[in-house]
Every structure is written in C-alpha cells, then in structure tokens.
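*Asks:* My structure is below; once you've seen it, I'll send some questions.
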Amino acid sequence: MTPAQTPELNLALTINGEPRRAAPGTIADLVRSLELDPAKVAVERNGEIVPRSTLAAVVLADGDKLEIVHFVGGGDHGDSWTVAGRTFHSRLIVGTGKYKDFAQNAAALEASGAEIVTVAVRRVNVSDPKAPMLTDFIDPKKVTYLPNTAGCFTADEAIRTLRLAREAGGWDLVKLEVLGEARTLYPDMRETLKATEVLAKEGFLPMVYCVDDPIAAKQLEEAGAVAVMPLGAPIGSGLGIQNRVTIRLIVEGAKVPVLVDAGVGTASDAAVAMELGVDGVLMNTAIAEAKDPIRMARAMKLAVEAGREAYLAGRMGTRKYADPSSPLAGLI
C-alpha cells in the first residue's frame with residue numbers, strides 16, 4: 001500500500017537500517033504497530049538509547065533513525081532457571097501488595113525485570129465492578145501470575161482458594177502458604193504438608209512457603225512441591241537472611257528449585273540469599289515500602305544478578321588471619 005493510499009503514514013523513518021513510513025505518535029505506538037511488545041524491546045533513537053520507561057512519552061519526528069532490538073530483562077538467558085517445566089530468566093519474583101496504587105506496582109515490576117508476580121485471591125468488589133483491577137495494569141498474558149494463599153491458616157482454606165484461582169484464570173502453577181499464627185506469620189508445616197499433597201494430586205504445581213528446615217523442605221518435595229521457598233526471616237520484617245546454614249543445606253539437598261521467600265529488607269539481603277546458591281528470591285515489602293519503590297526495584301534486580309554471579313564465581317576461602325595481597329619477598 002502506497003503513502004497516497006494511507007495518508008496517515010506521513011513520517012519517513014529508518015528502522016533497523018530500512019526506510020519505512022509510519023503514523024505520527026510515540027515510539028511505543030510504533031513498536032505496537034510492528035506487532036512487538038514495548039516491554040520486551042530496547043530502542044535506540046538517533047544514536048541515543050531511549051529508556052524503556054519513556055517509550056510511551058517520546059514522540060516520533062520525521063527523519064528519525066531507530067534501532068529496535070530484543071530486550072532481555074533480569075539476567076543472561078544462558079543462566080535461566082526452570083520450575084515445573086517453565087523457564088524464566090529473571091531470578092527475582094515480586095509481590096503485588098502494599099503499593100500506593102496499581103500504577104506504582106506496575107512501574108516497580110518493570111524496573112525489577114521480574115517475570116513472575118504473586119497475586120492474592122480476593123472477593124470482587126460487587127458494589128463497584130468498574131473499580132480498577134490489577135489486570136488492568138499488569139497483563140497476565142505478559143507476566144506470569146502466581147496466585148498465592150496469603151492469609152490462609154488451614155489447609156482447607158488454602159486448597160479452596162487455589163481451586164477458585166484455577167477456575168478464575170486457569171492457573172496451575174501456584175504459591176502455597178498456610179500460616180500458623182497472625183503474630184509471626186510462620187508457616188504451619190503440618191497443614192502446609194497436607195495441602196501440598198492434596199493440591200499435587202489435583203494437578204496443581206505448588207511452590208511452597210516453608211520454614212528454613214532441610215527435613216521439612218525434603219518432605220514437601222516428596223509430597224509434590226515443584227519448588228520449596230524457605231523464609232529468610234518473618235514476612236515483612238526486613239531482617240534479612242537469619243540462618244544461612246540451613247538454607248544452604250536445603251539447597252544442597254533439594255532436587256527442585258529453592259527460592260528464599262520473606263524477610264529481605266534491602267539489596268544486600270537479596271545478594272546474600274543468591275550467594276547461598278538459591279534459584280531465586282521472592283519479595284514484596286522491601287520494594288513496596290521503600291521510600292522510592294521504583295529505585296529499590298532496580299536495586300533488587302541488580303543485587304539478585306550480582307549475588308548469582310558471585311555464587312557462580314565461587315568466593316575465596318575465609319582465613320583466621322590476614323594474608324597480604326602483595327608478596328613480601330624482595331621488599332625494599
């Protein structure tokens with residue numbers, strides 16, 4: 001079709017080295033017109049990289065030269081991880097609670113590079129059915145939703161919740177947590193194990209929040225957990241990783257992915273968790289309650305990547321006394 005037949009295509013652009021005509025609009029509009037997802041590409045305009053967060057705001061100009069490349073978020077694709085046959089490249093999982101609003105939540109998710117978000121299952125507000133919903137801001141077709149059982153204190157409550165989640169969205173990969181009490185939010189392992197067994201028999205793929213106990217983790221794995229998620233510290237506490245020894249033992253003994261869930265407060269905590277050899281880290285409060293959630297989300301992304309790199313590199317051994325970096329022989 002020629003420009004005369006489509007007068008709206010009145011911008012002359014060069015895209016990836018080829019001349020093209022395009023309609024006026026933003027870079028994000030152009031990317032979508034090419035049937036690409038703005039969230040999954042990186043764009044250079046006239047020799048300058050355009051931050052992905054601004055693609056919807058930067059207006060195209062006649063004569064622009066654009067390079068559009070596949071965007072890789074959350075780490076090297078060569079270092080991906082797999083749970084229940086599904087492969088992910090980001091080792092950071094983020095939650096969807098405690099944010100100022102859904103827009104801030106979506107922006108933090110983008111900054112984090114995470115590909116999985118945990119979502120609570122709650123009643124629809126029937127008195128205001130047109131109220132904004134999470135799916136209006138975070139597309140479940142682009143990001144993996146991980147329904148969880150936050151707030152459940154019995155196996156039956158958790159099982160019921162996840163049955164509803166599967167009916168609502170078809171999800172079988174789920175996060176199971178069965179809490180023992182409201183004060184500590186520690187998991188009730190007896191009820192958690194019971195729920196894991198039932199859910200696995202019903203075809204669910206439960207990723208299970210648990211105590212940092214190697215024996216309990218192995219029992220969950222044998223019951224059908226596709227991932228075990230030991231806590232680093234109490235939920236929402238921000239205390240960091242309290243027991244590195246047992247988490248490392250869980251990693252060494254597990255045949256399924258191990259992810260630290262709960263307790264991370266800042267980027268160094270996420271790096272410590274990854275240095276223990278876990279497959280990933282799940283967090284919510286550490287990002288949502290930061291003074292600048294978007295900036296903290298970026299920090300967590302980098303910390304998870306750095307911790308993974310350090311684990312793969314293999315840290316130096318610890319010593320009781322100093323060991324000089326420079327040789328003493330030949331000292332003047």
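Here's how to read the names in the structure tokens: chain A, B, ... by the order shown, residue numbers from 1 in each chain, ligand numbers from 1 in the order shown.
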Could you name the residues that touch stretch 9-19 of chain A at 7 Å or less, counting only C-alpha atoms, but leaving out those on the same chain fewer than 3 positions away, as number ranges by chain?

*Replies:* A: 3, 6, 22-24, 62-68

*Asks:* Generate a file of the selected residues that holds all heavy atoms, formatted as a PDB file, in the first residue's frame.

*Replies:*
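Dumped to part37.pdb:
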```pdb
ATOM      1  N   PRO A   3       1.951   5.416   0.238  1.00  0.00           N
ATOM      2  CA  PRO A   3       1.606   6.528   1.121  1.00  0.00           C
ATOM      3  C   PRO A   3       0.365   7.275   0.669  1.00  0.00           C
ATOM      4  O   PRO A   3      -0.390   7.795   1.461  1.00  0.00           O
ATOM      5  CB  PRO A   3       2.856   7.404   1.062  1.00  0.00           C
ATOM      6  CG  PRO A   3       3.976   6.457   0.744  1.00  0.00           C
ATOM      7  CD  PRO A   3       3.353   5.452  -0.181  1.00  0.00           C
ATOM      8  N   THR A   6      -2.534   5.596   2.086  1.00  0.00           N
ATOM      9  CA  THR A   6      -2.578   5.673   3.544  1.00  0.00           C
ATOM     10  C   THR A   6      -1.926   6.970   3.980  1.00  0.00           C
ATOM     11  O   THR A   6      -0.789   6.996   4.436  1.00  0.00           O
ATOM     12  CB  THR A   6      -1.833   4.472   4.173  1.00  0.00           C
ATOM     13  OG1 THR A   6      -0.500   4.448   3.661  1.00  0.00           O
ATOM     14  CG2 THR A   6      -2.542   3.180   3.857  1.00  0.00           C
ATOM     15  N   ALA A  22       5.568   5.727   8.719  1.00  0.00           N
ATOM     16  CA  ALA A  22       4.844   5.451   9.953  1.00  0.00           C
ATOM     17  C   ALA A  22       3.894   6.588  10.273  1.00  0.00           C
ATOM     18  O   ALA A  22       4.071   7.722   9.819  1.00  0.00           O
ATOM     19  CB  ALA A  22       5.822   5.241  11.110  1.00  0.00           C
ATOM     20  N   ALA A  23       2.898   6.263  11.073  1.00  0.00           N
ATOM     21  CA  ALA A  23       1.948   7.278  11.517  1.00  0.00           C
ATOM     22  C   ALA A  23       2.555   8.072  12.667  1.00  0.00           C
ATOM     23  O   ALA A  23       3.400   7.568  13.409  1.00  0.00           O
ATOM     24  CB  ALA A  23       0.655   6.613  11.970  1.00  0.00           C
ATOM     25  N   PRO A  24       2.165   9.332  12.837  1.00  0.00           N
ATOM     26  CA  PRO A  24       2.635  10.108  13.982  1.00  0.00           C
ATOM     27  C   PRO A  24       2.245   9.420  15.286  1.00  0.00           C
ATOM     28  O   PRO A  24       1.232   8.731  15.364  1.00  0.00           O
ATOM     29  CB  PRO A  24       1.907  11.446  13.821  1.00  0.00           C
ATOM     30  CG  PRO A  24       1.559  11.518  12.375  1.00  0.00           C
ATOM     31  CD  PRO A  24       1.276  10.116  11.962  1.00  0.00           C
ATOM     32  N   ASP A  62       9.859  13.260  12.013  1.00  0.00           N
ATOM     33  CA  ASP A  62      10.199  12.885  10.653  1.00  0.00           C
ATOM     34  C   ASP A  62      11.714  12.787  10.514  1.00  0.00           C
ATOM     35  O   ASP A  62      12.452  13.665  10.959  1.00  0.00           O
ATOM     36  CB  ASP A  62       9.655  13.934   9.678  1.00  0.00           C
ATOM     37  CG  ASP A  62       9.705  13.446   8.241  1.00  0.00           C
ATOM     38  OD1 ASP A  62       9.138  12.374   7.961  1.00  0.00           O
ATOM     39  OD2 ASP A  62      10.306  14.125   7.404  1.00  0.00           O
ATOM     40  N   GLY A  63      12.197  11.706   9.918  1.00  0.00           N
ATOM     41  CA  GLY A  63      13.624  11.519   9.718  1.00  0.00           C
ATOM     42  C   GLY A  63      14.321  10.752  10.832  1.00  0.00           C
ATOM     43  O   GLY A  63      15.532  10.499  10.743  1.00  0.00           O
ATOM     44  N   ASP A  64      13.612  10.377  11.891  1.00  0.00           N
ATOM     45  CA  ASP A  64      14.226   9.623  12.984  1.00  0.00           C
ATOM     46  C   ASP A  64      14.825   8.313  12.488  1.00  0.00           C
ATOM     47  O   ASP A  64      14.256   7.632  11.620  1.00  0.00           O
ATOM     48  CB  ASP A  64      13.189   9.303  14.065  1.00  0.00           C
ATOM     49  CG  ASP A  64      12.992  10.434  15.043  1.00  0.00           C
ATOM     50  OD1 ASP A  64      13.801  11.387  15.031  1.00  0.00           O
ATOM     51  OD2 ASP A  64      12.047  10.346  15.855  1.00  0.00           O
ATOM     52  N   LYS A  65      15.969   7.974  13.060  1.00  0.00           N
ATOM     53  CA  LYS A  65      16.606   6.684  12.781  1.00  0.00           C
ATOM     54  C   LYS A  65      16.519   5.840  14.051  1.00  0.00           C
ATOM     55  O   LYS A  65      17.016   6.247  15.112  1.00  0.00           O
ATOM     56  CB  LYS A  65      18.065   6.878  12.357  1.00  0.00           C
ATOM     57  CG  LYS A  65      18.215   7.610  11.033  1.00  0.00           C
ATOM     58  CD  LYS A  65      19.683   7.743  10.634  1.00  0.00           C
ATOM     59  CE  LYS A  65      19.819   8.448   9.288  1.00  0.00           C
ATOM     60  NZ  LYS A  65      21.239   8.597   8.868  1.00  0.00           N
ATOM     61  N   LEU A  66      15.893   4.691  13.938  1.00  0.00           N
ATOM     62  CA  LEU A  66      15.620   3.860  15.107  1.00  0.00           C
ATOM     63  C   LEU A  66      16.253   2.482  14.949  1.00  0.00           C
ATOM     64  O   LEU A  66      16.240   1.903  13.869  1.00  0.00           O
ATOM     65  CB  LEU A  66      14.114   3.702  15.309  1.00  0.00           C
ATOM     66  CG  LEU A  66      13.317   4.996  15.484  1.00  0.00           C
ATOM     67  CD1 LEU A  66      11.868   4.761  15.162  1.00  0.00           C
ATOM     68  CD2 LEU A  66      13.458   5.505  16.903  1.00  0.00           C
ATOM     69  N   GLU A  67      16.798   2.000  16.053  1.00  0.00           N
ATOM     70  CA  GLU A  67      17.233   0.611  16.135  1.00  0.00           C
ATOM     71  C   GLU A  67      16.367  -0.050  17.204  1.00  0.00           C
ATOM     72  O   GLU A  67      16.299   0.431  18.343  1.00  0.00           O
ATOM     73  CB  GLU A  67      18.712   0.498  16.512  1.00  0.00           C
ATOM     74  CG  GLU A  67      19.674   0.977  15.449  1.00  0.00           C
ATOM     75  CD  GLU A  67      19.712   0.057  14.237  1.00  0.00           C
ATOM     76  OE1 GLU A  67      19.426  -1.141  14.394  1.00  0.00           O
ATOM     77  OE2 GLU A  67      20.030   0.553  13.135  1.00  0.00           O
ATOM     78  N   ILE A  68      15.694  -1.120  16.842  1.00  0.00           N
ATOM     79  CA  ILE A  68      14.831  -1.830  17.785  1.00  0.00           C
ATOM     80  C   ILE A  68      15.372  -3.248  17.939  1.00  0.00           C
ATOM     81  O   ILE A  68      15.484  -3.986  16.956  1.00  0.00           O
ATOM     82  CB  ILE A  68      13.368  -1.861  17.285  1.00  0.00           C
ATOM     83  CG1 ILE A  68      12.853  -0.435  17.058  1.00  0.00           C
ATOM     84  CG2 ILE A  68      12.481  -2.596  18.284  1.00  0.00           C
ATOM     85  CD1 ILE A  68      11.464  -0.377  16.470  1.00  0.00           C
TER      86      ILE A  68
END
```

*Asks:* Can you pull out the residues contacting stretch 302-319 of chain A? Cut-off 10 Å, using only C-alpha atoms, and skip same-chain residues under 5 positions away; I want them as a list in words.

*Replies:*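 These residues fall inside the cut-off: Gly74, Gly75, Asp76, Asp79, Ser90, Arg91, Leu92, Ser112, Gly113, Thr266, Ala267, Ser268, Asp269, Ala270, Ala271, Val272, Ala273, Met274, Glu275, Leu276, Gly277, Val278, Asp279, Gly280, Val281, Met296 and Ala297 of chain A.
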
*Asks:* As an NGL selection string, which residues of stretch 115-321 of chain A does DSSP assign to strand (DSSP E)?

*Replies:* :A and (116-120 or 144-148 or 173-176 or 205-210 or 227-230 or 259-261 or 280-283)

*Asks:* For stretch 213-282 of chain A against stretch 184-197 of chain A, with a cut-off of 8 Å and counting only C-alpha atoms, what is the closest atom pair and its distance in Å to one decimal for every residue that makes the cut, ordered by chain and number, as CSV?

*Replies:*
```
residue,atom,partner,partner_atom,distance
A:Ala216,CA,A:Met189,CA,7.6
A:Gln219,CA,A:Leu193,CA,7.7
A:Leu220,CA,A:Leu193,CA,6.1
A:Ala223,CA,A:Glu197,CA,5.2
A:Gly224,CA,A:Glu197,CA,6.3
A:Ala225,CA,A:Thr196,CA,6.5
A:Pro234,CA,A:Thr184,CA,6.4
A:Ile235,CA,A:Leu185,CA,6.4
```

*Asks:* Would you output that residue set with N, CA, C and O atoms, as a PDB file, in the first residue's frame?

*Replies:*
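The new file selection15.pdb reads:
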```pdb
ATOM      1  N   ALA A 216      11.964 -30.556  56.604  1.00  0.00           N
ATOM      2  CA  ALA A 216      10.638 -30.127  56.144  1.00  0.00           C
ATOM      3  C   ALA A 216      10.643 -29.873  54.638  1.00  0.00           C
ATOM      4  O   ALA A 216       9.690 -30.219  53.936  1.00  0.00           O
ATOM      5  N   GLN A 219      10.468 -33.139  52.819  1.00  0.00           N
ATOM      6  CA  GLN A 219       9.132 -33.726  52.918  1.00  0.00           C
ATOM      7  C   GLN A 219       8.164 -33.060  51.934  1.00  0.00           C
ATOM      8  O   GLN A 219       7.344 -33.731  51.320  1.00  0.00           O
ATOM      9  N   LEU A 220       8.268 -31.755  51.795  1.00  0.00           N
ATOM     10  CA  LEU A 220       7.413 -31.043  50.843  1.00  0.00           C
ATOM     11  C   LEU A 220       7.712 -31.485  49.411  1.00  0.00           C
ATOM     12  O   LEU A 220       6.801 -31.674  48.595  1.00  0.00           O
ATOM     13  N   ALA A 223       6.174 -34.663  48.750  1.00  0.00           N
ATOM     14  CA  ALA A 223       4.709 -34.565  48.706  1.00  0.00           C
ATOM     15  C   ALA A 223       4.203 -33.964  47.400  1.00  0.00           C
ATOM     16  O   ALA A 223       2.992 -33.970  47.147  1.00  0.00           O
ATOM     17  N   GLY A 224       5.108 -33.425  46.578  1.00  0.00           N
ATOM     18  CA  GLY A 224       4.690 -32.895  45.296  1.00  0.00           C
ATOM     19  C   GLY A 224       4.981 -31.433  45.054  1.00  0.00           C
ATOM     20  O   GLY A 224       4.570 -30.881  44.031  1.00  0.00           O
ATOM     21  N   ALA A 225       5.704 -30.780  45.960  1.00  0.00           N
ATOM     22  CA  ALA A 225       6.073 -29.380  45.742  1.00  0.00           C
ATOM     23  C   ALA A 225       7.010 -29.280  44.545  1.00  0.00           C
ATOM     24  O   ALA A 225       7.969 -30.050  44.439  1.00  0.00           O
ATOM     25  N   PRO A 234      10.921 -13.496  59.235  1.00  0.00           N
ATOM     26  CA  PRO A 234       9.468 -13.354  59.198  1.00  0.00           C
ATOM     27  C   PRO A 234       8.990 -12.430  58.083  1.00  0.00           C
ATOM     28  O   PRO A 234       9.658 -11.446  57.727  1.00  0.00           O
ATOM     29  N   ILE A 235       7.820 -12.745  57.525  1.00  0.00           N
ATOM     30  CA  ILE A 235       7.229 -11.975  56.441  1.00  0.00           C
ATOM     31  C   ILE A 235       7.144 -10.492  56.814  1.00  0.00           C
ATOM     32  O   ILE A 235       6.666 -10.139  57.891  1.00  0.00           O
TER      33      ILE A 235
END
```

*Asks:* Calculate how many Å separate atom CA of A:Ala168 from atom CA of A:Gly151, rounding to one decimal.

*Replies:*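 Computing it gives 18.8 Å between the two atoms.
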
*Asks:* Would you mind listing what lies within 7 Å of A:Leu60 as a list in words, with only C-alpha atoms counted and same-chain residues fewer than 6 positions away left out?

*Replies:*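 Using only C-alpha atoms, the neighbours found are Pro24, Gly25, Thr26 and Ile27 of chain A.
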
*Asks:* How would the residues just chosen look if you wrote them out with N, CA and C atoms as a tab-separated table (two decimals), in the first residue's frame?

*Replies:*
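Heads up, here's the output in out37.tsv:
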```tsv
chain	number	residue	atom	x	y	z
A	24	PRO	N	2.16	9.33	12.84
A	24	PRO	CA	2.63	10.11	13.98
A	24	PRO	C	2.24	9.42	15.29
A	25	GLY	N	3.06	9.62	16.29
A	25	GLY	CA	2.79	9.01	17.59
A	25	GLY	C	4.06	8.83	18.37
A	26	THR	N	3.98	8.03	19.40
A	26	THR	CA	5.14	7.77	20.24
A	26	THR	C	5.91	6.55	19.75
A	27	ILE	N	7.08	6.35	20.33
A	27	ILE	CA	7.85	5.16	19.99
A	27	ILE	C	7.07	3.91	20.37
```

*Asks:* For a test of reading the model, state the distance in Å between atom CA of A:Val83 and atom CA of A:Leu164, rounded to one decimal.

*Replies:* 22.3 Å

*Asks:* Could you pull the residues within 8 Å of A:Ile241, counting only C-alpha atoms, minus those fewer than 2 positions along the same chain, as a list in words?

*Replies:* Gly232, Ala233, Leu239, Asn243, Arg244, Gly263, Val264, Asp269, Val272 and Ala273 of chain A

*Asks:* What does the distance from atom CA of A:Asn148 to atom CA of A:Thr118 come to in Å, to one decimal?

*Replies:*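 Pair atom CA of A:Asn148 / atom CA of A:Thr118 returns 6.3 Å.
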
*Asks:* Do a neighbour search on stretch 115-117 of chain A at 8 Å with only C-alpha atoms, toss out local chain neighbours closer than 3 positions, and write the hits as a VMD selection string.

*Replies:* chain A and resid 88 to 90 92 to 96 143 to 146

*Asks:* Given only C-alpha atoms as the basis, pick out the residue of A:Arg21, A:Lys141, A:Lys98, A:Lys218 nearest to A:Met283.

*Replies:* A:Lys98

*Asks:* A:Val258: which residues within 8 Å, counting only C-alpha atoms, same-chain residues fewer than 2 positions away excluded, as a ChimeraX atom specification?

*Replies:* /A:227-230,250-251,254,256,260,278-280
